[in-house]
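The block underneath contains the structure these notes are about, expressed in structure tokens.
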Amino acid sequence: MAAISPLTPERDSVKSAKSTAKDEEIKMIIDTLNDAWDLRLPVPAKESPNKLHKSTEQSCVNLIKFLSYKEEIFLPVKSFREEALRLWKGWVVKPKADRDMLPEATRQKPYPVTSTERTQLLNLLYGRLKDEFEQLKAKNSFTPRTARSFNISFGDSFNKVDDSPVPFPTIPRPNRQDKRAREEPADDLGNGVKKVKTPAEVLSRKAPNSMLPPPRGRPPFRDNNGSRSADQSFDSVTTTTTNTSIFSRGPSFAASDYQNTQETIPDPNELLQTQEITPPVMIEEAAGGSHFSSDYGAGSSFEAMLREVVDTNAILRGSEVASESVDDVLSQDLMNVNVDVNMETLCEGINGEDALQERMSQVFPQLSPSVQNAPIGIAYEVTRVCQHTGTSMLNFDISTLDLTDYDSFWQSLKRIPSLKGKQFPEKSERSAWQATQGDFSRGSHAVILSGSLKTNNSTVTGPLFDFRLNPLRLDRAHRLGHRHGHHRFLEFDMPHLTGDKLPKAISGLPQDARNPVLGWLVDGKHMLFGRSWKPYHTKPRERKHRKRDDSKDDSETAHVVFFFAVDGNGIDLAPGPPSAGLTAQRLEIHELLETVRLIRKNDHQPYLKLFARTSLAVSRNSATVVLEPEQILYEDDIEYKGEVMTDGAGLISPSLAYKINDKLDLLHKPAGFQGRIGQAKGFWTVDWSKKSDPDWIRIYKSQCKWVRSKSVKNPDWHPCNRTFEVLKPSGPLKSADINLQFLPLLMDRASDRKQMKASLANLLEESLQRELDELLGAMDSGPALRKWTHERKSNFKERLKHGLVPFRGGSPITLEEELTMYLDAGFEPKKLRMVADLAKTLFDQQCNEMKKRLNITIRKSTYVYMVPDFWDVLEADEVFINFSEFSDDDSGCSDIVLDDVDVLVARSPAHFNSDIQKVKAVFKKELMRLKDVIVFPVKGNPSLANKLSGGDYDGDLAWLCWEPLLVDNFVNADPPKQPNLVREGYIHQDKTTYADLVKDLPAKKKLRTSHFLKESFAFNMQQSMLGIATSWKERVCYTDDSIATEKAVYLSTLLSSLVDQPKQGYTFTESDWTRFKEDEKIKSTFREPEYKKKDPIFKQNMPNVIDYLFWKVETEVEKCKIKFYAELPKDIPDWDGDLEKPYKWARAEEARARAEAITIDAEQTRAVVEWTTILNELQADLEAVKDSWSAFWHKQHGKADKSFSFSSKADLEPLSSSISNQNLIDHYERYQAIRPHASTQLTRSLLPDFCSETSQWALLKASAVFHYWKRASFPWAMAGNQLARLKAYAKSGGVLPHTLTPRMYVMYKPNNTYIKRARGEGVDSELDLHAAVGNVDELEAVENDG
């Protein structure tokens, strides 16, 4: 059969189908080199090589294409990168070198270079590529089939490798006198004849990769039977020696092994052509005769090329190309390499592990010496900004930065040439920045260094993870930070690294290549901020707001990985006590973990449980009192019929409780504290029966999570391990929203299901109506609205953390704080539309929250800490509760006594129908000092706590309800018999102890710790099936209309087990889940709950209680909104004369001076000109910012700026993820920069050097912006603080308004008594009294599971 021309439709279709992936791969390599080094390599062209401009750049591209096809591109590129970086570092540190002379476009590159330097780099790249090409050429010999294609017969010995020398074309060296031959791209290709290496020699060269995984796909091609293509005759493979067309038929793979597909391969000789290379050369045929290319250069025919580059020794072995059929035919389009290869090919096969290591080595950016040696806070912020803007830091010099304060530092960053004009990230908290100037702490809070490492799916050659840093922030500190310095700890959100469902960039790796990722993570020393960081712990990332919509994939940030700085900038290498400042002692990770717990004392524990216990040392808390060893008492637990009744509970003396109170600055006396100390965790109750005792704490056996050294001289008894750390104290309680999980249980245990459904609907309607009435009443006065805002949207935690109200732009960062600021200043909700709009927005948010989350506030219910009856005065099924202050009706009286009253108790999560229990609340005088906790009996089997979904006393919250509509209609259920899912084979449990885990390893702590961490990270960084199984169970119970079927019990047992998965060592993968749900006992069909659908349709008569209540809440909320808007005045003004007074006064001064200037001297004339100039320039400057703001607003919202509610304030998303917030900051900075253009006596009096925020200029500017744009959000976004100050001055009646510092202001809350009296007795409602408040709402009682 005649050979098929490469240009026939058959050839063209195969070619186009196979070209895309390889073209993309080659383009990505070239783009990466260009982006990093500004090499300006041309885009791979489709023209024939003889039509292309011969240059160094083009030769590099040709070589890249050829080596990429042969899967040999990675090593030369890596070698180039390493050598180029070494060269570049030498260039950038030259004395008196001026890098700012670089062109602007070049300066933005990660490695900016001059023209001369670019030439050096191009020649370096060319040399590395050419060297690899030479090695590739030298190591190959003929395959049997190749020999047949050249009419060479091996007879019976067709498997013998021909290792005889093969002539290679010689290219004359240009006659040049250049001494720097390395910088010249067109070097000779070698005049000698190189011997083709034998298989043994080739294998020896491949030895370093001998541990790589076996080849994927099909094995390398073979021709053991001398088979040939079905369409190939012996005549067709005979090579002619004269007039051979470049369209000649080349050899194909045997049809028995591969499909007869064809690919074009670049001619190796043309890859090396540059402007200096002399074209035509004669090629001597091995079998005699010669072949001359009539078109250009040596090797333009496929036959000549194939003599030099063949695949006898399987260059492609193990690569994706080896699994595909490739017909080695050279088409006229020699430059277009078409190989059917996956884009991941570059990182697989022979060089796969090296490629992976290279990608991981690129994760963290390289910093200049200036940044590496900078204080950690400065280095952190510089790195964060440069990463966000994509700016290289290799030549960053911090000496040009203004470190006077954070704002000055930020502005000086913006003046850096490489950063100028770029979009900056969100600013860090000022309080956090200030703390970095000291010991990184502020009270009980510490600076948090954090970020994310998300998988990089955009490239196969770039960093494996996309590195980002979060703004500096303050949060409560942890034990290890107190002991070793908060500046040495770093946290990264990371994706799953093991398991079934992994991010694309990791799931695409070979299965055995994922271990190197864990090895890199655990054993690698990750350089950042001039320090070497290593991980020591990981745990699931907590979701701040749980949502019913589980469709959003959060696998990219599923885990928090904790890193520790082992050495580097500010860390001493020598052992010994930390020196002054932030300098600390060098510690390896195994030494760090020894400061948590002693391995030698605890190697009998399951290693996974031991790993999970490290979380005690990184839990955020408030450190209080340091106890002496003799004050720490250890006790055995109270047991009843073999069951521990005090699991997680302990006692402290009253004197110690008072000291803890003082440390926390609490104004109430808690009954106990959820906390940590040393190896113990739990809830410690104050034993008021020991009032005269000194300080002591009793730790019970169940509270201890590891064994402590008995010698108090051991470092295990360090003061940090003897400090009582408080997570939360008990405190005054409030009415709770019912957990959505409780609704099916209430319906299941109702004696009258219809009545229970109606009762829940009535309670919902009552809750909504009460909310509406309170808001409508609050709209009548500022103090009442302030009270409503405080009760619904308290920001006490944020205030406490920052020590002030955080601002964004000219107004507080949250909507409720913004409204509070304006109310405090004297604005009235019905007298200014802006304030009314803020109140309406808050009300709409509240309504939407109710509709989405079904928040039913049951007044006669609360969430409360559970404690055991250490004094043994309660009988089984009795509880005790005593309120310090609680009102469950409209009277407001705190006189609730629950004695001989049936109540419901439950705990979240609730799965079984026995997880809600009806018990009797009784009053016991022995317990009356215990307020705001619920006391459970130490009798009964199982214990009451255990009945509530396996609860204990280490800080669990109980839902307590005494609402008769629910309690009287409830019947208890006994706990069901739960199946043993481990014994039945559904769940696998790893009980391997630490000792067994490391017994076969050398007795080196560093090595054993590394193995322990890698195994623990691999187990903990896999996807949990808890969420999927929970959703499945919800659907099954919805369809069956029951939570008590056998299927429901199995599913509930599974969920209970998965909650304890990390510390119990349970493994339950996706394949386990598939097998589990296919079991006949569990297998079922189900319907999607209506309330889980994206666009649900709720109706009145829906049988499911949750569907029905969603219909009810939608109906009632809409009624409430109609009523609320109907009762608001229609003509609330948007103008406030008090805010325009300063600007109008200034214009009046200008007019007065102008009038007087007619008859008075030149001095007065100058005053007229000065006032006119100042005000006109101010107006023009404001208009410029406003025009930009209006354009942004219209683009963002699709309408003009005529609304007072800035939409981005409705959420608390980070600024870096919100275009609106970033634009607000940019415009605010432009607004702040507006100042008088000239320095005169008048302007200096308006704007002194101090207190620019409160200067007369700032107030005048605020008044002017309100004067011109009073109906827009612009004045409030830019100058809300100054407008509030103007209002406060105006409403104070000639008396200066009360002055408060930010740290004092955050303490205050509305006084309910005063507000009621002001309404009833006609007291001036514009005054606003404040009462000091302690930690009233610190306990977050409501768990949002909706």
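Each chain in the structure tokens gets a letter, A, B, ..., in the order shown, and its residues are numbered from 1; ligands are numbered from 1 in order too.
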
Applying 9 Å and only C-alpha atoms, which residues near A:Arg708 remain after dropping the ones on its own chain fewer than 6 positions away? List them as a list of chain:residue names. A:Arg597, A:Leu598, A:Lys601, A:Asn602, A:Gly678, A:Gln679, A:Asp716, A:Trp717

Go ahead and write the residues just picked, all heavy atoms, as a compact mmCIF listing (two decimals), in the first residue's frame.
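File written: part25.txt
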```txt
# COMPACT_ATOMS: atom_id res chain seq x y z
N ARG A 597 3.77 17.00 76.04
CA ARG A 597 3.66 15.80 76.87
C ARG A 597 4.89 14.93 76.62
O ARG A 597 5.50 14.99 75.57
CB ARG A 597 2.37 15.01 76.60
CG ARG A 597 2.34 14.28 75.26
CD ARG A 597 2.01 15.18 74.11
NE ARG A 597 1.90 14.57 72.82
CZ ARG A 597 2.92 14.27 72.03
NH1 ARG A 597 4.14 14.40 72.45
NH2 ARG A 597 2.71 13.81 70.83
N LEU A 598 5.25 14.15 77.62
CA LEU A 598 6.42 13.30 77.54
C LEU A 598 6.08 12.01 76.81
O LEU A 598 5.19 11.27 77.22
CB LEU A 598 6.94 12.99 78.94
CG LEU A 598 7.37 14.20 79.79
CD1 LEU A 598 7.76 13.74 81.19
CD2 LEU A 598 8.50 14.96 79.13
N LYS A 601 6.45 8.60 78.71
CA LYS A 601 5.41 8.31 79.68
C LYS A 601 4.09 7.92 79.02
O LYS A 601 3.17 7.44 79.70
CB LYS A 601 5.16 9.54 80.57
CG LYS A 601 6.26 9.85 81.56
CD LYS A 601 6.15 8.94 82.78
CE LYS A 601 7.12 9.33 83.86
NZ LYS A 601 6.99 8.45 85.05
N ASN A 602 4.01 8.12 77.72
CA ASN A 602 2.71 7.97 77.06
C ASN A 602 2.76 7.12 75.79
O ASN A 602 1.80 7.13 75.01
CB ASN A 602 2.15 9.35 76.71
CG ASN A 602 1.88 10.19 77.94
OD1 ASN A 602 0.84 10.04 78.58
ND2 ASN A 602 2.81 11.08 78.27
N GLY A 678 -2.45 21.80 82.20
CA GLY A 678 -1.57 20.66 81.98
C GLY A 678 -2.18 19.64 81.05
O GLY A 678 -2.57 19.93 79.91
N GLN A 679 -2.28 18.41 81.54
CA GLN A 679 -2.81 17.31 80.74
C GLN A 679 -4.31 17.14 80.89
O GLN A 679 -4.89 16.18 80.35
CB GLN A 679 -2.11 16.00 81.15
CG GLN A 679 -2.65 15.33 82.42
CD GLN A 679 -2.09 15.95 83.70
OE1 GLN A 679 -1.88 17.15 83.78
NE2 GLN A 679 -1.87 15.12 84.70
N ASP A 716 8.20 19.05 82.53
CA ASP A 716 6.77 18.80 82.34
C ASP A 716 5.92 19.64 83.29
O ASP A 716 4.74 19.85 83.05
CB ASP A 716 6.48 17.31 82.54
CG ASP A 716 5.15 16.89 81.96
OD1 ASP A 716 4.68 17.57 81.02
OD2 ASP A 716 4.57 15.90 82.42
N TRP A 717 6.54 20.12 84.37
CA TRP A 717 5.84 20.95 85.35
C TRP A 717 6.18 22.43 85.16
O TRP A 717 6.13 23.22 86.10
CB TRP A 717 6.19 20.51 86.77
CG TRP A 717 5.53 19.20 87.13
CD1 TRP A 717 5.95 17.96 86.82
CD2 TRP A 717 4.33 19.05 87.86
NE1 TRP A 717 5.09 17.02 87.31
CE2 TRP A 717 4.06 17.66 87.97
CE3 TRP A 717 3.41 19.93 88.46
CZ2 TRP A 717 2.95 17.14 88.62
CZ3 TRP A 717 2.32 19.42 89.12
CH2 TRP A 717 2.08 18.05 89.19
```

List the spatial neighbours of stretch 959-972 of chain A as number ranges by chain - criterion: any atom at most 7 Å away, only C-alpha atoms, same-chain residues fewer than 4 positions off excluded. A: 749-752, 756, 759, 860-864, 902-907, 914, 917-918

Can you pull out every residue within 12 Å of A:Ser1071, counting only C-alpha atoms, but drop anything in the same chain fewer than 4 positions away, and send it as a PyMOL selection string? chain A and resi 499-501+986-987+1025+1067+1075-1078

Those selected residues, please, written with N, CA, C and O atoms and delivered as an mmCIF file, in the first residue's frame.
```cif
data_model
loop_
_atom_site.group_PDB
_atom_site.id
_atom_site.type_symbol
_atom_site.label_atom_id
_atom_site.label_comp_id
_atom_site.auth_asym_id
_atom_site.auth_seq_id
_atom_site.Cartn_x
_atom_site.Cartn_y
_atom_site.Cartn_z
ATOM 1 N N GLY A 499 -7.016 10.235 51.062
ATOM 2 C CA GLY A 499 -8.413 9.841 50.964
ATOM 3 C C GLY A 499 -8.866 9.751 49.523
ATOM 4 O O GLY A 499 -8.077 9.749 48.575
ATOM 5 N N ASP A 500 -10.190 9.673 49.357
ATOM 6 C CA ASP A 500 -10.767 9.450 48.037
ATOM 7 C C ASP A 500 -10.965 10.729 47.251
ATOM 8 O O ASP A 500 -10.610 10.825 46.081
ATOM 9 N N LYS A 501 -11.538 11.740 47.893
ATOM 10 C CA LYS A 501 -11.840 12.978 47.183
ATOM 11 C C LYS A 501 -10.759 14.004 47.504
ATOM 12 O O LYS A 501 -10.714 14.536 48.604
ATOM 13 N N TYR A 986 -18.043 -2.335 59.234
ATOM 14 C CA TYR A 986 -18.329 -1.113 58.487
ATOM 15 C C TYR A 986 -17.262 -0.041 58.753
ATOM 16 O O TYR A 986 -16.898 0.735 57.865
ATOM 17 N N ILE A 987 -16.790 0.011 60.003
ATOM 18 C CA ILE A 987 -15.771 0.979 60.392
ATOM 19 C C ILE A 987 -14.518 0.223 60.789
ATOM 20 O O ILE A 987 -14.589 -0.830 61.425
ATOM 21 N N MET A 1025 -16.461 11.704 56.248
ATOM 22 C CA MET A 1025 -17.749 11.385 55.640
ATOM 23 C C MET A 1025 -18.906 11.828 56.528
ATOM 24 O O MET A 1025 -20.063 11.510 56.242
ATOM 25 N N THR A 1067 -11.520 4.673 60.777
ATOM 26 C CA THR A 1067 -11.373 4.944 59.348
ATOM 27 C C THR A 1067 -12.666 4.567 58.653
ATOM 28 O O THR A 1067 -13.164 3.445 58.792
ATOM 29 N N ARG A 1075 -20.235 0.857 50.451
ATOM 30 C CA ARG A 1075 -20.601 -0.500 50.883
ATOM 31 C C ARG A 1075 -21.648 -0.456 51.998
ATOM 32 O O ARG A 1075 -22.577 -1.258 52.028
ATOM 33 N N PHE A 1076 -21.521 0.524 52.892
ATOM 34 C CA PHE A 1076 -22.453 0.647 54.020
ATOM 35 C C PHE A 1076 -23.874 0.918 53.546
ATOM 36 O O PHE A 1076 -24.827 0.268 53.958
ATOM 37 N N LYS A 1077 -24.035 1.888 52.647
ATOM 38 C CA LYS A 1077 -25.388 2.275 52.240
ATOM 39 C C LYS A 1077 -26.034 1.274 51.288
ATOM 40 O O LYS A 1077 -27.231 1.345 51.037
ATOM 41 N N GLU A 1078 -25.216 0.319 50.756
ATOM 42 C CA GLU A 1078 -25.769 -0.730 49.911
ATOM 43 C C GLU A 1078 -26.201 -1.956 50.711
ATOM 44 O O GLU A 1078 -26.783 -2.879 50.156
#
```

Please extract the residues of stretch 958-1029 of chain A with a backbone DSSP assignment of alpha helix (DSSP H) and present them as a list in words.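 Checking each residue of stretch 958-1029 of chain A, the alpha helix (DSSP H) ones are Pro964, Leu965, Leu966, Val967, Tyr994, Ala995, Asp996, Leu997, Val998, Lys1005, Lys1006, Leu1007, Arg1008, Thr1009, Ser1010, His1011, Phe1012, Leu1013, Lys1014, Glu1015, Ser1016, Phe1017, Ala1018, Phe1019, Asn1020, Leu1026, Gly1027, Ile1028 and Ala1029 of chain A.
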
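Using only C-alpha atoms, the nearest neighbour of A:Ser735 within the list A:Asn373, A:Asn848, A:Ser408, A:Asn855 is A:Asn855.
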
Which neighbours of stretch 652-667 of chain A fall inside 7 Å, counting only C-alpha atoms, when residues of the same chain fewer than 4 positions from it are skipped, and could you give them as a PyMOL selection string? chain A and resi 624-625+684-688+690-691+693-698+1334-1335

Shortest contact to A:Trp520, candidates A:Leu772, A:Ala617, A:Ala1184, A:Val363, atoms counted only C-alpha atoms, goes to A:Val363

Which is closer to A:Asp1181 than all the others in A:Ala1233, A:Val1168, A:Leu1259, A:Leu633, using only C-alpha atoms? A:Ala1233

At a cut-off of 6 Å, using only C-alpha atoms, what residues contact stretch 78-85 of chain A? Leave out same-chain residues fewer than 3 positions from it and give the result as a list in words. Leu75, Trp88 and Leu125 of chain A

Take the residues from that selection and write them out as a short mmCIF file (atom, residue, chain, number, x, y, z; two decimals), in the first residue's frame, keeping C-alpha atoms.
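Output file again07.cif follows:
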```
data_model
loop_
_atom_site.label_atom_id
_atom_site.label_comp_id
_atom_site.auth_asym_id
_atom_site.auth_seq_id
_atom_site.Cartn_x
_atom_site.Cartn_y
_atom_site.Cartn_z
CA LEU A 75 15.94 18.33 34.03
CA TRP A 88 20.61 36.69 39.22
CA LEU A 125 19.10 28.12 28.64
#
```

Please, what distance in Å, to one decimal, runs between atom CA of A:Phe1012 and atom CA of A:Val447? 29.3 Å

Pick out the residues sitting within 6 Å of stretch 1273-1290 of chain A, and hand them over as JSON, numbers by chain; count only C-alpha atoms, and ignore anything fewer than 2 positions along from it in its own chain. {"A": [810, 811, 822, 825, 826, 1203, 1204, 1228, 1259, 1262, 1265, 1266, 1292]}

Selected residue of minimal separation from A:Val867 among A:Lys931, A:Lys1004, A:Lys454, A:Arg770, counting only C-alpha atoms: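 Ranking A:Lys931, A:Lys1004, A:Lys454, A:Arg770 by distance to A:Val867, first place goes to A:Lys931.
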
Taking only stretch 693-891 of chain A into account, list the residues labelled strand (DSSP E or B) by DSSP (computed from the backbone), as a ChimeraX atom specification. /A:697-700,704,723-729,736-737,750,807-808,811-812,857-858,861-868,878-882

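Distances from A:Lys920, A:Lys728, A:Arg86, A:Lys831 to A:Tyr865 were compared using only C-alpha atoms, and the smallest one belongs to A:Lys728.
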
Among listed residues A:Asp780, A:Asp1107, A:Glu358, A:Asp31, nearest A:Lys757 (using only C-alpha atoms):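 Nearest to A:Lys757: A:Asp1107.
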